[in-house]
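Structure first, then comments.
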2 protein chains.
Amino acid sequence: MAQKLEGILTGIFITSRQDSFVTTRKVNIRVVSNGLNGDKHASWYRGADARAKHYKKGTKIWNNRQISIVSEEELKEIAAAMSTPEIKPEWLGANFCLKGIPALTFLPAGTKIYIPDFYGGQDIGLYVTALNEPCTDPGKIIQANFPDVANLAINFPKAAYNKRGVVAVVEHPGCIQEGSKVTVVVPDQYLY
Amino acid sequence: MAQKLEGILTGIFITSRQDSFVTTRKVNIRVVSNGLNGDKHASWYRGADARAKHYKKGTKIWNNRQISIVSEEELKEIAAAMSTPEIKPEWLGANFCLKGIPALTFLPAGTKIYIPDFYGGQDIGLYVTALNEPCTDPGKIIQANFPDVANLAINFPKAAYNKRGVVAVVEHPGCIQEGSKVTVVVPDQYLY
């Protein structure tokens, strides 16, 4: 029997800017077939980067990173490790922030995330494809927000290791709202 | 360090028929962005079925089953369990048959499968999304091929449990050939 967890969608964030990964909060959003409406990560394809080293840089590959998801609890752990008052989801370029899902980053690929449709349609469904590896860019944003704390940019990747959340693709689209209940279903094959 | 396994692509199979799932062998095939050229499973979407029970039957959802993959070794184990001389990949509606990858069905979601491009381009890449749960239909085909062996249709799901291979989506397209080397890369996060 698949394991079910329940949490809350505490924040929705997108960006359409190509020159920055920092996201901006939205109260609600339309989830389309390949990402979030208006978000720059919404696409069937992406260019291969350090996360897909098997291909030459820039090779057009399937985009398994349509939506990135972090947890409030893990962001607090990162903040504690870096001695900063907080780490905002926006600074990491996250799209969703969840609360109440323990060790979000350790959810295996294949995990489903369901969010109720704002207009009463069938649930929005996401399929987790990978954990999100920490990169150095958010550290620079965090440093800029706390100029009095030393070495934040350098310390971020280690502080955020295995706390950086997961990435996902859309299984079923729809319209969602901040504050909604979220149901996480871990697939059977990881629950021996 | 991600674990690498090497095997051989011993067979390529497709079907364009809507009235049968049984596939037909091809010496080579073009892997397109969302499946195998000419195969009926090639699509960005599919209708929700018993494998996606969260949705009403037929709901248009993301197709995480573009390509289905079985292993020669597991097919031999199924044949032994059913007391039949053989089980052909075609009878299960498989698209690829691999040899030399132990316990193929247990590869976690997120595993990458790379196959060289026939024309010297970058490798074809597949992303494993799920194990394939046995359904009853192949049992009927197997029974029809061995009419003298009793209860094959009934026995198939149990005999094929955890031996039915995996399903995958295309990460990078290209042209492949039967007999090619196959490289399987299991993601780091499952190798603690």
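Chain labels A, B, ... are given in the sequence in which chains occur in the structure tokens; within each chain residues are numbered consecutively from 1, and ligands are likewise numbered from 1 in the order shown.
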At a cut-off of 7 Å, which residues of chain A touch chain B? Count only C-alpha atoms and give the answer as a compact mmCIF listing (two decimals) with N, CA and C atoms, in the first residue's frame.
```txt
# COMPACT_ATOMS: atom_id res chain seq x y z
N TYR A 55 25.44 14.80 -21.84
CA TYR A 55 25.29 15.51 -23.12
C TYR A 55 26.16 16.75 -23.15
N ILE A 61 17.25 18.63 -24.37
CA ILE A 61 16.81 17.38 -23.74
C ILE A 61 15.44 17.59 -23.09
N TRP A 62 14.81 16.50 -22.72
CA TRP A 62 13.54 16.54 -22.00
C TRP A 62 13.73 17.32 -20.70
N ALA A 109 12.17 9.63 -6.67
CA ALA A 109 11.59 9.87 -8.00
C ALA A 109 10.42 8.91 -8.16
N GLY A 110 9.37 9.38 -8.79
CA GLY A 110 8.17 8.57 -8.93
C GLY A 110 7.10 8.93 -7.92
N GLN A 122 -10.61 17.90 -11.37
CA GLN A 122 -9.77 16.86 -10.78
C GLN A 122 -8.46 17.47 -10.26
N THR A 129 10.71 13.95 -10.22
CA THR A 129 11.70 13.32 -11.10
C THR A 129 13.09 13.21 -10.47
N ALA A 130 13.42 14.09 -9.53
CA ALA A 130 14.78 14.08 -8.98
C ALA A 130 14.84 14.97 -7.75
N VAL A 170 4.61 17.95 -14.56
CA VAL A 170 3.15 17.97 -14.40
C VAL A 170 2.56 16.67 -14.96
N GLU A 171 1.72 16.03 -14.15
CA GLU A 171 0.98 14.86 -14.64
C GLU A 171 -0.43 15.26 -15.08
N HIS A 172 -1.04 16.16 -14.31
CA HIS A 172 -2.39 16.64 -14.65
C HIS A 172 -2.48 18.12 -14.29
```
Which of range 12-44 of chain A counts as strand (DSSP E) under DSSP, as a PyMOL selection string please? chain A and resi 12-14+24-26+28-32+35-36
Next, write the just-selected residues to a file, as an mmCIF file, in the first residue's frame, keeping N, CA and C atoms as the atom set.
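As written to disk, out.cif reads:
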```cif
data_model
loop_
_atom_site.group_PDB
_atom_site.id
_atom_site.type_symbol
_atom_site.label_atom_id
_atom_site.label_comp_id
_atom_site.auth_asym_id
_atom_site.auth_seq_id
_atom_site.Cartn_x
_atom_site.Cartn_y
_atom_site.Cartn_z
ATOM 1 N N ILE A 12 3.469 29.860 -3.556
ATOM 2 C CA ILE A 12 3.599 29.632 -5.003
ATOM 3 C C ILE A 12 4.445 30.773 -5.551
ATOM 4 N N PHE A 13 5.425 30.454 -6.386
ATOM 5 C CA PHE A 13 6.377 31.465 -6.854
ATOM 6 C C PHE A 13 6.749 31.182 -8.309
ATOM 7 N N ILE A 14 6.853 32.241 -9.108
ATOM 8 C CA ILE A 14 7.309 32.075 -10.488
ATOM 9 C C ILE A 14 8.230 33.225 -10.885
ATOM 10 N N THR A 24 8.916 35.148 -7.636
ATOM 11 C CA THR A 24 8.015 36.118 -6.998
ATOM 12 C C THR A 24 6.729 35.405 -6.589
ATOM 13 N N ARG A 25 6.219 35.754 -5.404
ATOM 14 C CA ARG A 25 5.051 35.065 -4.852
ATOM 15 C C ARG A 25 3.768 35.379 -5.620
ATOM 16 N N LYS A 26 2.942 34.333 -5.805
ATOM 17 C CA LYS A 26 1.620 34.474 -6.419
ATOM 18 C C LYS A 26 0.608 33.796 -5.496
ATOM 19 N N ASN A 28 -2.319 32.528 -6.514
ATOM 20 C CA ASN A 28 -2.746 31.329 -7.229
ATOM 21 C C ASN A 28 -2.089 31.285 -8.602
ATOM 22 N N ILE A 29 -2.161 30.107 -9.223
ATOM 23 C CA ILE A 29 -1.456 29.933 -10.505
ATOM 24 C C ILE A 29 -2.137 28.838 -11.303
ATOM 25 N N ARG A 30 -2.040 28.955 -12.606
ATOM 26 C CA ARG A 30 -2.505 27.870 -13.469
ATOM 27 C C ARG A 30 -1.334 26.934 -13.753
ATOM 28 N N VAL A 31 -1.518 25.687 -13.403
ATOM 29 C CA VAL A 31 -0.531 24.654 -13.743
ATOM 30 C C VAL A 31 -0.879 24.158 -15.138
ATOM 31 N N VAL A 32 0.033 24.341 -16.082
ATOM 32 C CA VAL A 32 -0.217 23.884 -17.461
ATOM 33 C C VAL A 32 0.503 22.550 -17.685
ATOM 34 N N GLY A 35 4.430 22.843 -16.851
ATOM 35 C CA GLY A 35 4.972 23.742 -15.836
ATOM 36 C C GLY A 35 3.935 24.723 -15.331
ATOM 37 N N LEU A 36 4.412 25.855 -14.808
ATOM 38 C CA LEU A 36 3.512 26.873 -14.267
ATOM 39 C C LEU A 36 3.360 28.003 -15.280
#
```
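Shortest separation to Gly179 in chain A among A:Lys88, A:Lys99, A:Arg164, A:Lys140 occurs at residue A:Lys99, atoms counted being only C-alpha atoms.
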Which of range 10-192 of chain B end up as helix (DSSP H, G or I) when DSSP is run on this backbone - answer as a compact mmCIF listing (two decimals) with C-alpha atoms, in the first residue's frame?
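Contents of the output file result_17.txt:
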```
# COMPACT_ATOMS: atom_id res chain seq x y z
CA ALA B 50 -5.70 1.36 -13.43
CA ARG B 51 -2.10 2.58 -13.13
CA ALA B 52 -3.26 6.15 -12.39
CA GLU B 72 15.98 -11.46 -21.41
CA GLU B 73 16.95 -12.79 -18.01
CA GLU B 74 13.63 -11.85 -16.38
CA LEU B 75 11.65 -13.22 -19.35
CA LYS B 76 13.48 -16.54 -18.85
CA GLU B 77 12.52 -16.47 -15.16
CA ILE B 78 8.87 -15.86 -16.09
CA ALA B 79 8.99 -18.71 -18.64
CA ALA B 80 10.48 -21.05 -16.01
CA ALA B 81 7.80 -20.06 -13.47
CA MET B 82 5.09 -20.76 -16.07
CA PRO B 89 9.05 -9.59 -25.55
CA GLU B 90 6.44 -9.07 -28.29
CA TRP B 91 3.82 -10.97 -26.29
CA LEU B 92 4.18 -8.50 -23.43
CA LEU B 104 16.04 -4.70 -14.51
CA THR B 105 12.60 -4.31 -12.92
CA PHE B 106 14.19 -3.04 -9.70
CA ASP B 137 -3.56 -9.32 -21.21
CA PRO B 138 -0.12 -10.82 -21.99
CA GLY B 139 -1.21 -14.00 -20.22
CA LYS B 140 -3.91 -14.48 -22.86
CA ILE B 141 -1.37 -14.12 -25.68
CA ILE B 142 1.00 -16.54 -23.96
CA GLN B 143 -1.86 -19.01 -23.50
CA ALA B 144 -2.72 -18.73 -27.21
CA ASN B 145 0.90 -19.57 -28.09
CA LEU B 152 -1.12 -19.65 -18.40
CA ALA B 153 -3.42 -16.63 -18.51
CA ILE B 154 -4.24 -17.02 -14.83
CA ASN B 155 -0.65 -17.68 -13.79
CA PHE B 156 0.99 -14.82 -15.68
CA PRO B 157 0.52 -11.90 -13.25
CA LYS B 158 2.05 -13.81 -10.34
CA ALA B 159 4.84 -15.35 -12.45
CA ASP B 188 23.38 8.73 -6.72
CA GLN B 189 20.53 9.19 -4.28
CA TYR B 190 19.70 5.47 -4.28
```
